[in-house]
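Participant: The structure is given below, and queries will be raised subsequently.
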Amino acid sequence: RALQADGDALPADRLAAALFACTATAPYSPEPQRLAALCEAVRARCEAGPPRARLSFHLAVGTCLNWLGHPVQADADLAPARRLAEGFGDHGSIVNITHQQLRAALLRGDAAAARAAAQDCGQAVQAGGYGLSFRLHACAAQALAALAAGQPAAARAALQALEAAAAGTDLRSEPEVAAACALAWWSLGWPDRAAQDLPGGEGWLAFAHWRLAATAADREAALAGMARRWPAADGAMGLRRRVLALSLSVPRPADAEGLLAELRARGLWPLARRVHVIAARSALAAGEVGRALAQAREALALAGHVDPWTDEGAAVWLEAAAVLQAAGAGAEASAARAQGRAWVLRLADGLADEADRIAWCERHPLHRALLAGD
C-alpha cells in the first residue's frame, strides 16, 4: 500500500529495490495479484532507470509471476535480469535469479532447464562464497531438478552433497530443504530415510507429509497445512494444493476439466498431467468412455513432465493404464505399463550402488507395481 501511495516520489532504483523486497510477501498473501498489478504499473519507470534498477525490477516481476503460477511470463522477466546480473558479476543476484528460473522450469515441466538452472545456482553459490543455508538450498534444488528429469543417480548424488554440507545441522530451520530431502528419499525408494527426523509443519513440509501420509485424514491435514501458508487458491502453491485435493475424490468431469483448462492455459504441464488422469477417472465414472480414453492418452503424452513436489515420475503409466484397461483398451494399457517398466529398469541401471538399485525397484511402491507385470 505504501508503494502504491508513495511510489511516484521514489527514484527508479529505490522503487525497484522496494518492489523486490515486497516479493518476499507474495507467496503468503491472499491477493498476490495486487503486487503483480503494481509491478506492471511501474514497469515503464523502472525499465527507463539505470541498469541496477532494471535488474531489481525484472527479478521482482519474475519472482512475483512465479508465485502467481505464470512461469512462462516469469521467464520473460527473469532472462533480462540474468543477463544484467551476469554483466555485473553479481553472484548474489544470480543465485536468486537461477532459483526462480528453477521454480519456473519445474512449473512448466522443462526438466532440462530445471537441471541447468539448479547447476548454475550451485555454481553461483560457490563462486560467491555464500554460507551453509545457500549451499543446502542449492543441493536441494539439484535433487528436485534431477527427480523432475528422471535422473535418480543425480538426485542421489545431490543428497549426498547435501548431507556432507549439513554435517548434522538441524533442518527445522530450513523447511524447504527438509521437505525436498524427504521427497527425494521417498522417490528413490527409501521411505524410512524420507520419514527420518522430518519435522512437522506447514508450507513446504506439508508436501512431504502428503507423500508420506498413510490415511486420507493425514492427507487432509497436509492440505490444510499448505493452505495456511499459501492462502491464494489461484497462485502456484494454491494450484498445487487444488490438484492434490482433487485427487482425493472422483470429481464431476466438468470440475476436473475446468481446472485442467486453467493449468494448460498457463503452461503448467506437470500439474496438467496429473489432472488429465483425474479427468479420465471422472469421465469413466460418468460412463463417458471415449472421453476417459482421450484424457488417459493426453496424460501419457505428458509422461516426461513431472512436478516433484506433487507427483512421481512412474505414476502416470500405472494410473493411465488403469483407466485404459477399464475402458476396454487392454492393449494400450499393457503398452503403457511396459513403457513404465522400461523406464524403471533403464534408470535403475544408472544407479551404481546395489542397495540403491534394490530400493528403486523393490521399495518404491509404484516401481514395484510396474515391475510386477500385467
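Letters A, B, ... mark the chains of the C-alpha cells in the order given; residue numbers begin at 1 per chain; ligand numbers begin at 1, in order shown.
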I'd like the neighbourhood of range 194-200 of chain A as a list in words, where a residue qualifies if any of its atoms comes within 7 Å (using only C-alpha atoms), though same-chain residues fewer than 5 positions away should be ignored.

Facilitator: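 So the residues in contact are Arg172, Ala178, Ala182, Leu183, Trp185, Trp186 and Leu205 of chain A.
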
Participant: Keeping C-alpha atoms for every residue in the selection just given, could you write it to a file as a tab-separated table (two decimals), in the first residue's frame?

Facilitator:
```
chain	number	residue	atom	x	y	z
A	172	ARG	CA	14.00	-27.50	11.07
A	178	ALA	CA	13.99	-30.68	4.67
A	182	ALA	CA	12.19	-36.18	2.22
A	183	LEU	CA	10.60	-36.16	-1.24
A	185	TRP	CA	14.47	-40.06	-0.48
A	186	TRP	CA	10.90	-41.26	-1.00
A	205	LEU	CA	6.89	-29.60	4.77
```

Participant: So how many Å separate CA of Ala294 in chain A and CA of Leu318 in chain A, to one decimal?

Facilitator: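 CA of Leu318 in chain A lies at a distance of 16.0 Å from CA of Ala294 in chain A.
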
Participant: If you measure from CA of Ala245 in chain A to CA of Ala111 in chain A, what distance in Å do you get, rounded to one decimal?

Facilitator: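 Atom-to-atom, CA of Ala245 in chain A to CA of Ala111 in chain A, that is 24.8 Å.
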
Participant: Could you pull out the helix (DSSP H, G or I) residues of range 96-171 of chain A from DSSP and send them as a count of residues only?

Facilitator: 64

Participant: Of the residues A:Ala179, A:Ala292, A:Ala41, A:Leu246, which is the one nearest to Leu136 in chain A, using only C-alpha atoms?

Facilitator: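 Among the listed residues, A:Ala179 lies closest to Leu136 in chain A.
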
Participant: What does the distance between CA of Trp360 in chain A and CA of Gly330 in chain A come to in Å, to one decimal place?

Facilitator: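 Computing it gives 27.1 Å between the two atoms.
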
Participant: Which residues are near range 28-37 of chain A? Cut-off 7 Å, only C-alpha atoms, ignore same chain within fewer than 2 positions. Put them as a list of chain:residue names.

Facilitator: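 Counting only C-alpha atoms, the residues come to A:Thr25, A:Ala26, A:Cys39, A:Glu40, A:Ala41, A:Cys64, A:Leu68, A:Arg229, A:Trp230, A:Pro231, A:Ala232.
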
Participant: Within 10 Å of Gly69 in chain A, counting only C-alpha atoms, which residues show up once you throw out same-chain ones fewer than 4 positions away? Write them as an NGL selection string, please.

Facilitator: :A and (64-65 or 73-74 or 103-104 or 107-108 or 234-240 or 263 or 266-268)

Participant: Compare A:Asp349, A:Glu354, A:Asp75, A:Asp311 by their minimum atom-to-atom distance to Arg273 in chain A, counting only C-alpha atoms, and give me the closest one.

Facilitator: A:Asp311

Participant: Could you give me, as a list of chain:residue names, the residues within 12 Å of Ser93 in chain A, counting only C-alpha atoms and dropping anything in the same chain fewer than 6 positions from it?

Facilitator: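 Final neighbour list, sorted by chain and number: A:Phe20, A:Arg52, A:Leu55, A:Ser56, A:Phe57, A:His58, A:Leu59, A:Ala60, A:Leu78, A:Ala81, A:Arg82, A:Arg83, A:Leu84, A:Ala85, A:Glu86, A:Gly87, A:His99, A:Gln100, A:Asp120, A:Cys121, A:Ala124, A:Val125, A:Gly128.
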
Participant: I need the chosen residues saved as a PDB file, in the first residue's frame, with N, CA, C and O atoms.

Facilitator:
```pdb
ATOM      1  N   PHE A  20      11.183  -5.322  -5.156  1.00  0.00           N
ATOM      2  CA  PHE A  20      11.752  -6.649  -4.946  1.00  0.00           C
ATOM      3  C   PHE A  20      11.584  -7.086  -3.498  1.00  0.00           C
ATOM      4  O   PHE A  20      11.278  -8.257  -3.217  1.00  0.00           O
ATOM      5  N   ARG A  52      20.954  -1.192 -12.600  1.00  0.00           N
ATOM      6  CA  ARG A  52      20.648  -1.847 -11.323  1.00  0.00           C
ATOM      7  C   ARG A  52      19.152  -1.827 -11.033  1.00  0.00           C
ATOM      8  O   ARG A  52      18.595  -2.780 -10.483  1.00  0.00           O
ATOM      9  N   LEU A  55      17.601  -4.501 -13.180  1.00  0.00           N
ATOM     10  CA  LEU A  55      17.860  -5.820 -12.618  1.00  0.00           C
ATOM     11  C   LEU A  55      16.887  -6.125 -11.483  1.00  0.00           C
ATOM     12  O   LEU A  55      16.230  -7.175 -11.465  1.00  0.00           O
ATOM     13  N   SER A  56      16.775  -5.224 -10.522  1.00  0.00           N
ATOM     14  CA  SER A  56      15.872  -5.444  -9.388  1.00  0.00           C
ATOM     15  C   SER A  56      14.432  -5.580  -9.855  1.00  0.00           C
ATOM     16  O   SER A  56      13.678  -6.433  -9.364  1.00  0.00           O
ATOM     17  N   PHE A  57      14.046  -4.755 -10.821  1.00  0.00           N
ATOM     18  CA  PHE A  57      12.669  -4.794 -11.293  1.00  0.00           C
ATOM     19  C   PHE A  57      12.356  -6.120 -11.966  1.00  0.00           C
ATOM     20  O   PHE A  57      11.340  -6.767 -11.653  1.00  0.00           O
ATOM     21  N   HIS A  58      13.192  -6.552 -12.902  1.00  0.00           N
ATOM     22  CA  HIS A  58      12.899  -7.797 -13.633  1.00  0.00           C
ATOM     23  C   HIS A  58      12.910  -9.006 -12.698  1.00  0.00           C
ATOM     24  O   HIS A  58      12.091  -9.922 -12.843  1.00  0.00           O
ATOM     25  N   LEU A  59      13.806  -9.002 -11.717  1.00  0.00           N
ATOM     26  CA  LEU A  59      13.810 -10.097 -10.745  1.00  0.00           C
ATOM     27  C   LEU A  59      12.541 -10.072  -9.906  1.00  0.00           C
ATOM     28  O   LEU A  59      11.932 -11.119  -9.637  1.00  0.00           O
ATOM     29  N   ALA A  60      12.109  -8.872  -9.505  1.00  0.00           N
ATOM     30  CA  ALA A  60      10.884  -8.756  -8.714  1.00  0.00           C
ATOM     31  C   ALA A  60       9.681  -9.273  -9.495  1.00  0.00           C
ATOM     32  O   ALA A  60       8.848 -10.037  -8.977  1.00  0.00           O
ATOM     33  N   LEU A  78      12.789 -12.899 -16.060  1.00  0.00           N
ATOM     34  CA  LEU A  78      13.992 -13.452 -15.439  1.00  0.00           C
ATOM     35  C   LEU A  78      15.175 -13.472 -16.406  1.00  0.00           C
ATOM     36  O   LEU A  78      16.326 -13.310 -15.982  1.00  0.00           O
ATOM     37  N   ALA A  81      16.931 -10.131 -16.403  1.00  0.00           N
ATOM     38  CA  ALA A  81      17.551  -9.980 -15.083  1.00  0.00           C
ATOM     39  C   ALA A  81      18.847 -10.782 -15.023  1.00  0.00           C
ATOM     40  O   ALA A  81      19.860 -10.302 -14.489  1.00  0.00           O
ATOM     41  N   ARG A  82      18.825 -11.982 -15.573  1.00  0.00           N
ATOM     42  CA  ARG A  82      20.026 -12.837 -15.561  1.00  0.00           C
ATOM     43  C   ARG A  82      21.157 -12.190 -16.361  1.00  0.00           C
ATOM     44  O   ARG A  82      22.310 -12.179 -15.918  1.00  0.00           O
ATOM     45  N   ARG A  83      20.817 -11.647 -17.525  1.00  0.00           N
ATOM     46  CA  ARG A  83      21.859 -11.005 -18.346  1.00  0.00           C
ATOM     47  C   ARG A  83      22.485  -9.824 -17.614  1.00  0.00           C
ATOM     48  O   ARG A  83      23.711  -9.645 -17.630  1.00  0.00           O
ATOM     49  N   LEU A  84      21.665  -9.030 -16.970  1.00  0.00           N
ATOM     50  CA  LEU A  84      22.195  -7.889 -16.229  1.00  0.00           C
ATOM     51  C   LEU A  84      23.067  -8.339 -15.060  1.00  0.00           C
ATOM     52  O   LEU A  84      24.151  -7.790 -14.828  1.00  0.00           O
ATOM     53  N   ALA A  85      22.619  -9.346 -14.325  1.00  0.00           N
ATOM     54  CA  ALA A  85      23.382  -9.825 -13.171  1.00  0.00           C
ATOM     55  C   ALA A  85      24.728 -10.393 -13.601  1.00  0.00           C
ATOM     56  O   ALA A  85      25.754 -10.170 -12.942  1.00  0.00           O
ATOM     57  N   GLU A  86      24.724 -11.127 -14.711  1.00  0.00           N
ATOM     58  CA  GLU A  86      25.991 -11.693 -15.199  1.00  0.00           C
ATOM     59  C   GLU A  86      26.922 -10.576 -15.665  1.00  0.00           C
ATOM     60  O   GLU A  86      28.144 -10.663 -15.489  1.00  0.00           O
ATOM     61  N   GLY A  87      26.348  -9.525 -16.248  1.00  0.00           N
ATOM     62  CA  GLY A  87      27.181  -8.396 -16.656  1.00  0.00           C
ATOM     63  C   GLY A  87      27.840  -7.704 -15.475  1.00  0.00           C
ATOM     64  O   GLY A  87      28.979  -7.246 -15.568  1.00  0.00           O
ATOM     65  N   HIS A  99      17.452 -19.526  -8.973  1.00  0.00           N
ATOM     66  CA  HIS A  99      16.481 -20.243  -8.147  1.00  0.00           C
ATOM     67  C   HIS A  99      15.074 -20.021  -8.685  1.00  0.00           C
ATOM     68  O   HIS A  99      14.261 -20.951  -8.729  1.00  0.00           O
ATOM     69  N   GLN A 100      14.777 -18.799  -9.105  1.00  0.00           N
ATOM     70  CA  GLN A 100      13.471 -18.529  -9.695  1.00  0.00           C
ATOM     71  C   GLN A 100      13.323 -19.203 -11.066  1.00  0.00           C
ATOM     72  O   GLN A 100      12.243 -19.675 -11.432  1.00  0.00           O
ATOM     73  N   ASP A 120      23.536 -24.002 -12.343  1.00  0.00           N
ATOM     74  CA  ASP A 120      24.038 -22.621 -12.359  1.00  0.00           C
ATOM     75  C   ASP A 120      23.894 -21.976 -10.987  1.00  0.00           C
ATOM     76  O   ASP A 120      24.762 -21.197 -10.562  1.00  0.00           O
ATOM     77  N   CYS A 121      22.810 -22.292 -10.294  1.00  0.00           N
ATOM     78  CA  CYS A 121      22.618 -21.768  -8.943  1.00  0.00           C
ATOM     79  C   CYS A 121      23.729 -22.259  -8.020  1.00  0.00           C
ATOM     80  O   CYS A 121      24.321 -21.476  -7.267  1.00  0.00           O
ATOM     81  N   ALA A 124      26.946 -20.450  -8.724  1.00  0.00           N
ATOM     82  CA  ALA A 124      26.943 -19.071  -8.227  1.00  0.00           C
ATOM     83  C   ALA A 124      27.117 -19.027  -6.717  1.00  0.00           C
ATOM     84  O   ALA A 124      27.790 -18.138  -6.180  1.00  0.00           O
ATOM     85  N   VAL A 125      26.512 -19.989  -6.021  1.00  0.00           N
ATOM     86  CA  VAL A 125      26.693 -20.072  -4.570  1.00  0.00           C
ATOM     87  C   VAL A 125      28.161 -20.301  -4.240  1.00  0.00           C
ATOM     88  O   VAL A 125      28.727 -19.654  -3.344  1.00  0.00           O
ATOM     89  N   GLY A 128      30.306 -17.181  -5.122  1.00  0.00           N
ATOM     90  CA  GLY A 128      30.105 -16.077  -4.199  1.00  0.00           C
ATOM     91  C   GLY A 128      30.557 -16.358  -2.783  1.00  0.00           C
ATOM     92  O   GLY A 128      30.552 -15.457  -1.932  1.00  0.00           O
TER      93      GLY A 128
END
```

Participant: So which residues touch Val323 in chain A within 10 Å, counting only C-alpha atoms, skipping near sequence neighbours fewer than 3 positions away, as a list in words?

Facilitator: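 Returned residues: Val277, Ile278, Ala280, Arg281, Ser282, Ala283, Leu284, Val289, Ala292, Leu293, Gln295, Ala296, Arg297, Leu318, Glu319, Ala320, Ala326, Ala327, Gly328, Ala329, Gly330 and Ala333 of chain A.
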
Participant: Just the selected residues (C-alpha atoms), exported as a compact mmCIF listing (two decimals), in the first residue's frame, please.

Facilitator:
```
# COMPACT_ATOMS: atom_id res chain seq x y z
CA VAL A 277 -5.62 -38.72 -15.10
CA ILE A 278 -8.19 -37.36 -12.65
CA ALA A 280 -10.05 -39.65 -17.12
CA ARG A 281 -11.28 -41.30 -13.95
CA SER A 282 -14.12 -38.80 -13.68
CA ALA A 283 -15.24 -39.43 -17.25
CA LEU A 284 -15.07 -43.19 -16.73
CA VAL A 289 -15.73 -43.97 -22.15
CA ALA A 292 -11.94 -41.18 -20.49
CA LEU A 293 -9.76 -42.73 -23.18
CA GLN A 295 -7.88 -37.96 -21.19
CA ALA A 296 -5.76 -41.02 -20.36
CA ARG A 297 -3.93 -40.67 -23.67
CA LEU A 318 0.04 -47.05 -13.78
CA GLU A 319 -2.81 -44.57 -13.41
CA ALA A 320 -3.48 -44.07 -17.11
CA ALA A 326 -11.29 -50.31 -17.51
CA ALA A 327 -12.35 -48.54 -20.70
CA GLY A 328 -11.68 -51.65 -22.80
CA ALA A 329 -8.35 -50.59 -24.31
CA GLY A 330 -6.39 -53.51 -22.91
CA ALA A 333 -2.97 -50.39 -21.09
```

Participant: Between A:Gln123, A:Thr98, A:Ala184, A:Asp110, which is the closest to Pro152 in chain A once you count only C-alpha atoms?

Facilitator: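 The closest residue to Pro152 in chain A is A:Ala184.
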
Participant: For Gly313 in chain A, list every protein, DNA or RNA residue within 8 Å, evaluated using only C-alpha atoms, and leave out those in the same chain fewer than 2 positions away; present the list as a ChimeraX atom specification.

Facilitator: /A:147-148,150,303-304,306,308,311,315-316

Participant: A:Gln126, A:Thr310, A:Thr63, A:Ser133: which is nearest Leu271 in chain A, counting only C-alpha atoms?

Facilitator: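 Nearest to Leu271 in chain A: A:Thr310.
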
Participant: Which is closer to Ala155 in chain A than all the others in A:Gly350, A:Pro80, A:Ala372, A:Pro51, using only C-alpha atoms?

Facilitator: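 Checking each candidate against Ala155 in chain A, we get A:Gly350 as the closest.
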
Participant: Measuring between only C-alpha atoms, which one of A:Gly109, A:Gly131, A:Pro11, A:Gly89 shows the shortest distance to Ala272 in chain A?

Facilitator: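 Selected residue with least distance to Ala272 in chain A: A:Gly109.
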